[in-house]
Structure formats: C-alpha cells, structure tokens
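Have a look at the structure below, then the notes.
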Amino acid sequence: MLNRRNFLTAAVGVAAAGGLAACAKEDKSSTGTSSGGSKAITLGFSQVGSESGWRSANTTSVKEAAKEAGFNLKFSDAQQKQENQISAIRSYIAQKVDVIAFSPVVVTGWDAVLKEAKAAKIPVVLTDRSVETSDDSLYVTLVGSDFTDEGRRAGKILEKVLAKAGVKGPVKIAQLEGTTGAAPAIERAKGFKEVMDADHKGDWKIVVSQTGDFTRAGGKQVMAAFLQSNPDINVLFAHNDDMAIGAIQSIEAAGKKPGKDILIVSIDGVKDGFIAMSEGKINAIVECNPLLGPQLMEVVKTVHDGGSVERWIKTKEGDFMQDQAKAALPTRKY
Amino acid sequence: MTTPSRWRALTRHHLFWPVAVLVALLLVNVPFTPDFFAIHMTNGHLYGSLVSIVLFGSPLILVAVGMTLVIATGGIDLSVGAVVAITGALTCSYISHQADQNALSGVLLAMGLGLVAAVVCGLWNGFLVARMGIQPIIATLIIMVAGRGVAQLITDGQIITVNSDPYQLIGGGYWLTLPFSIFVVAAVVAVTVVLTRRTALGLLVEAVGGNAEASRLVGIRSRRIKIMVYVFCAVSAGIAGLMISSNTSAADGNNAGLWIELDAILAVVIGGTSLLGGRFSIGGTVIGALVIQTLTTTIYTIGVPTQTNLVFKAAVVIVVCLLQSPKFRAKVFGARAKSAAPAAPAAPAEAAPKMEVS
C-alpha cells in the first residue's frame with residue numbers, strides 16, 4: 001500500500017515536472033532540409049509568447065521563412081516569462097546552435113545569459129524588441145521596428161485625425177500603455193510624448209495613463225475606469241490594437257461613440273483593428289509589421305557567414321487613416 | 001445592550017473587517033472621482049463605477065466562491081485560471097465555426113461544451129486529490145500548467161473573435177437595466193448558500209476539512225465530498241470563463257484568467273475562510289472578491305503610476321490581512337481598549353474566532 005502510494009506520488013511528481021519543463025515548449029517539427037553538401041544553419045529562436053494576433057503572425061512568418069531558407073529551426077515559446085526565455089537560450093547554447101535569435105520579453109536582465117552565448121561564440125540576433133545591456137557587443141543586430149518612431153508616427157497621425165475631425169480646444173488624451181517594463185510600451189509612450197512636447201506643449205495633455213497589458217480585457221477594464229474618473233477625455237492613444245478594441249466596448253457601454261466622441265489612434269495593424277477602423281471606430285492605425293521572418297533569415301545567413309550587418313535593421317511599415325481601411329483590409333494577413 | 005457592547009459585537013462579526021475595508025476603498029475614490037457613486041441610465045442600462053465594479057468583478061466572485069468550498073475541505077485549486085481559458089477557448093471556437101453565430105441553440109450548445117470541459121477538469125482534480133491522495137497543490141498544478149497549453153491549442157495561439165449577440169449577453173450584456181452577469185453570480189451564490197447552509201452539505205464539507213479521517217470514520221463519504229467540491233469549483237471557473245470571453249467577445253487562450261487563481265485565493269482569505277480548512281464563509285468571499293476588484297478600479301481611477309501598481313496593491317493587501325488577524329487586532333486595538341477602560345473585560349485574543357454558521 002505504502003509502496004504503491006509512494007510510486008504514484010513520484011509518478012505524478014515527474015508528470016508535474018514534465019509539465020513545468022513544457023513551459024518552454026520546443027518545436028522541432030520544422031527541421032530544415034539540409035541543402036546539398038554544406039551543413040544547414042541551425043537557428044535557435046525564442047519567442048515571447050503568443051499573446052496576440054500580431055505575435056502569432058510573427059511566429060508564423062519566422063517559421064515559414066526558416067523553412068524556405070532551409071534552416072534548421074529550433075523554436076521555443078517563452079509564454080511571457082523571462083526565466084523561460086533565459087533557460088531556452090541556455091539550452092540553445094548547450095546544443096551549440098549556429099545562431100540564436102530571440103524577442104526579449106522585457107528590456108533588462110539579459111547580460112548574464114548573453115555573456116554565456118558570447119563565450120560560446122554564438123552570435124545573437126534580437127528580433128522585434130531591443131534590450132539594454134552594459135556591453136553592446138553582446139548582440140550583433142536587432143531586426144525589428146523602431147517603437148519610438150511608432151510613437152512619434154502616432155503623434156503625427158493624431159494631428160491629421162484632429163484636423164480631419166475639426167476638433168478645437170484642448171485635447172485630453174487617455175493613454176493605454178502596454179505591459180509595464182516592455183520595450184514597446186516604454187518607447188511608444190516616449191515617442192508620442194516627444195511629438196507632444198515639441199509641437200503641442202499647450203494644447204495636448206495626457207490626462208490619464210495606465211497599463212492595459214496589451215490585452216482586450218485589460219483595455220476594456222482600464223478604459224471603463226478612465227471614463228468614470230475623466231469623462232471629458234476626447235482622444236485615446238492605445239499602444240496596441242487589442243487594447244483599443246477592448247476600450248471601444250467600454251466607450252460604447254458609456255453611451256459614447258468611439259471614433260467620434262473619442263478619437264482613437266492605435267499601433268500594430270492587426271486584422272481586427274482594421275475591421276474596427278473600417279467600421280469607423282478607430283481613426284488611425286500606425287502599422288508595426290510582424291512579418292519579419294524573411295529579413296531575419298537573411299541577417300542570420302550573413303552573420304553566420306561572417307559578414308557584417310547594421311546594428312538595427314528596421315522593418316518596412318506604413319500608417320493608415322480611416323479612409324484607407326476598407327481598401328487595406330483584404331491584404332491584412334494577421 | 002449598551003452602545004460600546006453593541007459596537008464590540010459588531011466589530012467581532014466575521015464580516016465586519018472585510019466590509020469595513022470595502023467601504024474604505026470605495027470612499028478613497030470620492031476625492032478623485034466626485035460622482036463615483038452616481039449611477040446613470042445610458043442606452044437603456046445602468047452605468048456607473050459601482051456597476052463596472054460588479055460587472056468586471058463577477059468572474060472573480062464566481063471563481064472565488066468555488067475556491068471557498070475547495071479550501072474549506074483543506075484543499076486548494078490552482079487550475080481555475082486554466083479552466084477559465086479552456087472553457088472560453090472551446091466555447092468561442094465552437095461559436096466561431098457556426099454559420100449563424102447568433103443562433104441561440106448553437107450558443108447554448110457551445111456553452112454546454114465548454115462547461116463539460118470544465119467538469120472533466122474538475123473530475124480529474126478530484127480524482128487525483130481524493131482517490132490518489134495527491135497533495136491538492138500538486139494535483140491541480142498539473143492542469144494549471146498544461147491547461148493553458150490546451151487552451152492555446154484550441155485557439156491555435158490566436159485570439160478568436162466572435163460576433164454573437166446571445167453569447168455577448170452572459171458577460172457583457174444587460175438585462176432589466178443591470179449587467180446580466182450579476183444575475184448569474186446571484187444565482188450561483190444563492191444556490192451555493194442554500195446547498196451549504198440549508199442542508200447538511202456545508203457541515204459535511206467543514207467536517208472533511210476539519211479532519212478527513214475522522215469524518216470518514218463517522219460515516220461521511222469524504223472522498224465523494226472532495227470530488228464534488230473540485231467539480232463545483234471547476235464549473236464555477238467555467239462559468240467565469242464564459243463571462244470573461246463573452247465580455248470582450250473574444251477568447252484569448254494566453255491571457256484569459258491569468259493569475260485569477262491567486263486573486264481568488266486572496267478573496268477567500270480576505271473573506272475570513274481559513275486556509276487550513278474546516279470553516280468557510282461564502283458571504284465573506286463575495287465581499288473579498290469585491291474588495292479586490294474595487295482595489296483594481298481604484299488604482300485606475302486615482303491614477304497610481306503604472307510602475308507602482310503592484311506595490312500599491314501589495315500594501316493594501318498587507319493592511320487587509322493584518323486587520324483580519326485577531327492577534328494583530330488584539331495587540332493594536334486591544335491594548336488601547338484595555339488602557340482606556342480597564343474595568344471592561346479585555347477583548348479576548350482568540351486565535352481563531354468561534355465556529356459560525358452564517
């Protein structure tokens with residue numbers, strides 16, 4: 001009896017440990033076809049998670065591009081946790097992959113693991129998000145968007161939106177921030193503030209700003225509270241489309257018209273965001289392009305072959321106003 | 001009865017401190033939002049901060065009520081967040097594949113499907129805990145970790161958006177000018193209170209939590225009771241999952257119900273239920289969940305800077321937990337009471353308040 005019990009406890013312990021280890025799901029299904037005689041490049045890629053439609057599109061793009069380039073891709077999903085990502089990178093170092101690429105969950109805390117990669121002479125390429133390190137030689141390049149610039153573009157496009165809506169008088173802005181500490185949240189807020197401080201010192205004001213964690217539920221709940229504490233908000237700047245979509249529901253529940261009573265500018269350009277924009281509920285979207293797989297593979301190949309690349313390879317992106325929404329909608333893949 | 005003694009009786013009531021904290025938190029909002037308590041009619045439904053608190057707090061209340069019974073048996077259920085995600089994902093993906101998303105039969109079927117998945121999760125937890133004798137924290141950790149993966153598998157890592165009016169009702173719609181979710185919560189709470197306080201079931205649950213072996217020896221089928229509470233907890237979490245996904249009309253396998261298990265445990269503790277089992281208060285849990293939701297809303301309305309959100313939350317929770325501790329109260333307030341009125345019998349520093357049947 002006792003033995004059986006011990007055995008079962010042990011068995012479940014093992015199962016639970018297995019479950020925990022599965023946090024960093026490894027996906028080796030996409031092993032590349034080794035091309036000709038030369039050995040295929042092995043790329044270890046650690047993704048942030050799958051928190052939004054944007055992220056899934058990003059993941060798909062990386063997987064497809066790796067397959068096309070004939071790379072051997074080792075993919076792992078960090079599920080929004082830095083510790084998962086660090087352990088994934090460590091395992092890539094142990095497996096002696098040729099190049100490591102990852103989208104950091106947060107900005108800081110990468111020095112130790114990046115030094116290990118450097119010691120193992122494995123080049124590291126950042127995708128989508130940047131990191132702060134004490135030593136710039138710890139990563140080769142960043143393939144991704146310029147979030148600060150996205151913030152600036154959001155500020156610029158808001159000028160157009162305000163002009164078009166004919167808003168006169170003070171502009172009271174509510175800001176829905178991304179996950180606290182994440183690079184897009186910090187930099188988008190920074191870029192937007194730059195435009196505001198430079199050109200609209202007197203007339204624009206961010207009256208409330210709070211994190212909505214990049215999620216719809218977060219955006220909805222925070223916006224509901226904003227509308228209570230500051231009923232005179234007339235502009236919403238959301239750091240991503242999903243929060244804007246959540247906020248739209250709260251604005252409607254408060255009996256106001258999103259896109260009219262409250263002008264909305266958001267960043268990303270996911271399909272659902274474009275649908276909301278074509279319905280007139282979002283006024284403008286600043287695109288943040290997730291389809292950076294092909295660009296990443298090019299960089300990985302150059303880096304692996306010993307070539308030099310720029311420190312920052314920016315993705316190609318556009319801005320969209322409401323009147324362009326309907327035309328652009330069918331081309332949205334994500 | 002003199003006024004002081006009535007006051008003492010009031011402060012000793014097990015719901016006094018949770019309610020006091022809730023009221024205090026609500027009042028904190030008034031200087032920042034002058035018409036915080038105002039409720040207007042907008043688009044044919046009531047609208048105001050209090051309505052939002054109840055609307056957004058509904059899922060937490062449901063999860064916490066389920067958690068209360070599990071904790072009363074001396075267990076704990078960490079898997080509720082994952083159950084929330086699975087239920088929402090399954091229901092939304094079923095609805096999104098319907099030709100007519102507004103068809104009531106399809107929506108009901110989808111919701112039934114989601115709740116069946118919740119029941120399966122509950123049975124699994126109950127089986128591991130009651131039949132296999134595994135520590136509840138480990139047994140439920142399995143679904144906590146694996147369940148979110150299952151939810152992501154169902155949604156394919158995407159956020160599934162549904163456009164279904166009947167489905168939107170349960171978590172985001174209004175009925176008789178009130179959020180529909182209030183009625184769902186009221187029904188679940190009422191059924192739970194009636195079942196546990198008007199029948200012997202509550203006593204049995206407490207007996208199992210107090211001493212499972214002793215209760216088995218006096219003839220209570222403690223295993224069956226345990227399985228039952230885990231299934232009940234999972235179903236509550238499942239309904240919460242329907243609400244959360246319905247509220248935003250989207251299933252987010254990754255974020256729906258994330259960390260709700262911790263908020264639920266906190267709500268149970270604030271409500272005065274002992275984590276050791278053997279004693280529980282459904283009313284306290286409801287108040288506890290409202291305290292947590294009010295705290296969240298307060299953070300948004302009074303403009304606590306984003307970076308200090310969690311510290312602010314932690315500080316409030318520490319204060320609430322200290323106020324809940326009879327020992328702490330006796331040390332701080334008891335000493336003052338003694339010096340002020342030495343003739344009055346000193347407030348007994350009871351480690352655990354008397355067993356109460358509310």
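Ligands are numbered from 1 in the order shown, residues from 1 within each chain, and chains are lettered A, B, ... in the order they appear in the structure tokens.
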(Q) Residues of chain B within 7 Å of chain A, counting only C-alpha atoms - could you list those as a ChimeraX atom specification? (A) /B:32-33,42-43,47,49,134,142,145-146,157-159,248,254-255,297,300-301,303,306-307
Q: Please identify which residues in region 133-276 of chain B DSSP calls helix (DSSP H, G or I) from the backbone, and express them as a PyMOL selection string.
A: chain B and resi 136-155+165-172+180-198+201-210+212-217+222-248+260-270
**Q.** Residues near region 120-127 of chain A, cut-off 7 Å, only C-alpha atoms, skip fewer than 4 positions along chain, as a PyMOL selection string
**A.** chain A and resi 93+98-103+116+139-144
Q: Pick out the residues sitting within 10 Å of region 152-162 of chain A, and hand them over as JSON, numbers by chain; count only C-alpha atoms, and ignore anything fewer than 6 positions along from it in its own chain.
A: {"A": [146, 168, 171, 187, 188, 189, 190, 191, 192, 193, 194, 195, 196, 199, 200, 235, 236, 237, 238, 239, 259, 263, 264, 265, 266, 267, 283, 284, 285, 286, 287, 318, 319, 320, 321, 322]}
Q) Between B:Gly288, B:Pro166, B:Pro4, B:Gly75, which is the closest to Gln101 (chain B) once you count only C-alpha atoms? A)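 Of the candidates, the smallest distance to Gln101 (chain B) is held by B:Pro166.
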Q: Find the spatial neighbours of Asn29 (chain B), counting only C-alpha atoms, within a cut-off of 8 Å - ignore same-chain residues fewer than 5 positions away - and output them as a VMD selection string.
A: chain B and resid 34 36 298 301 to 302
Export of the given selection (N, CA and C atoms) as a PDB file, in the first residue's frame:
ATOM      1  N   PRO B  34     -15.526  62.674  -8.125  1.00  0.00           N
ATOM      2  CA  PRO B  34     -16.586  63.186  -7.251  1.00  0.00           C
ATOM      3  C   PRO B  34     -17.909  62.425  -7.386  1.00  0.00           C
ATOM      4  N   PHE B  36     -18.433  59.352  -7.973  1.00  0.00           N
ATOM      5  CA  PHE B  36     -18.091  57.935  -8.012  1.00  0.00           C
ATOM      6  C   PHE B  36     -19.311  57.050  -7.770  1.00  0.00           C
ATOM      7  N   THR B 298      -9.803  51.212  -8.242  1.00  0.00           N
ATOM      8  CA  THR B 298      -9.263  52.378  -7.549  1.00  0.00           C
ATOM      9  C   THR B 298      -7.911  52.763  -8.123  1.00  0.00           C
ATOM     10  N   THR B 301      -8.564  54.646 -11.261  1.00  0.00           N
ATOM     11  CA  THR B 301      -9.224  55.953 -11.176  1.00  0.00           C
ATOM     12  C   THR B 301      -8.384  56.985 -10.428  1.00  0.00           C
ATOM     13  N   ILE B 302      -7.629  56.572  -9.406  1.00  0.00           N
ATOM     14  CA  ILE B 302      -6.885  57.600  -8.684  1.00  0.00           C
ATOM     15  C   ILE B 302      -5.545  57.877  -9.337  1.00  0.00           C
TER      16      ILE B 302
END
(Q) Would you pick out the contacts of Pro136 (chain B) at 12 Å or less, using only C-alpha atoms, so that residues sharing its chain but fewer than 2 positions from it are not included, and give the list as number ranges by chain? (A) A: 9, 12; B: 70-71, 73-79, 124-134, 138-144, 226-227, 230
Trp110 (chain A) environment, 8 Å, only C-alpha atoms, sequence neighbours closer than 6 positions dropped, as a PDB file with C-alpha atoms, in the first residue's frame:
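As written to disk, result_1.pdb reads:
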ATOM      1  CA  ILE A  86      16.750  32.536 -20.404  1.00  0.00           C
ATOM      2  CA  VAL A 131      17.415  45.055 -24.764  1.00  0.00           C
ATOM      3  CA  GLU A 132      19.520  47.238 -22.504  1.00  0.00           C
ATOM      4  CA  THR A 133      22.962  45.786 -21.877  1.00  0.00           C
TER       5      THR A 133
END
